[in-house]
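One structure is given below, encoded as structure tokens.
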Amino acid sequence: MGQVEATTQREIAADPEDVFDALADYSGMRHKLLPEHFSEYEVREGGDGKGTLVHWKLQATSKRVRDCLLEVDEPTDGQLVEKDRNSSMVTTWVVTPAGAGRANVVITTTWNGAGGIGGFFERTFAPKGLARIYDAILANLAREMEK
């Protein structure tokens, strides 16, 4: 069993603080950014950054649905960390300046993968599939922020 990691990033033509605020807005903007892979979205506590508890189901493949209950933290400026209470999955969102009026957003998810042949396929294919899902979220974020 090894750690699996998926990472993607995008530069967005918007102020980094505004981009971060949009990502941290679980009670409003975040739900709008999610593609069809997400269902049963519900904010259970908080709703704005640190202290938020949010639930959703993530359908990564036609057969794989992950029930996520995420605790949100903000350990440093420009960073959101979502820890899943139901698994080892941790997603970190980092927003940094990328020039005047531009932000770079990096999303990294890690989890403890399966062992054996199943683990091999998970390490090989899951990061690419998750990166596609995150690319869709970042495209939606760019569309909302660049209006």
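Chain identifiers are assigned as A, B, and so on, following the order in which chains appear in the structure tokens; residues are numbered from 1 within each chain, and ligands are numbered from 1 in order of appearance.
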Legend entry - Per-residue DSSP, chain A, filtered to helix (DSSP H, G or I), as a PyMOL selection string: chain A and resi 16-24+29-33+116-145
Inset, instruction - Name the residues in contact with segment 99-114 of chain A at a cut-off of 9 Å, using only C-alpha atoms, excluding same-chain residues fewer than 4 positions from it; report them as an NGL selection string. - result: :A and (1-17 or 19-20 or 87-95 or 118-120 or 122-123 or 127 or 130-131 or 134 or 138)
Legend entry - Pick from A:Gly47, A:Gly116, A:Pro75, A:Pro97 nearest to Asp25 of chain A, counting only C-alpha atoms: A:Gly47
Legend entry - Sel. of strand (DSSP E or B) residues, chain A, as a ChimeraX atom specification: /A:3-12,25,38-45,48,53-59,65-73,79-84,90-97,103-112
Inset, instruction - Grab the atom CA of Arg132 of chain A to atom CA of Ser62 of chain A distance for me, in Å with one decimal place. - result: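 Atom-to-atom, atom CA of Arg132 of chain A to atom CA of Ser62 of chain A, that is 14.5 Å.
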Legend entry - Nearest residue to Gly78 of chain A from the set A:Leu141, A:Lys50, A:His31, A:Glu45 (distances using only C-alpha atoms):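 Using only C-alpha atoms, the shortest distance to Gly78 of chain A belongs to A:Lys50.
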Inset, instruction - Do a neighbour search on Leu70 of chain A at 12 Å with only C-alpha atoms, toss out local chain neighbours closer than 4 positions, and write the hits as a ChimeraX atom specification. - result: /A:26,41-47,49-58,66,80-92
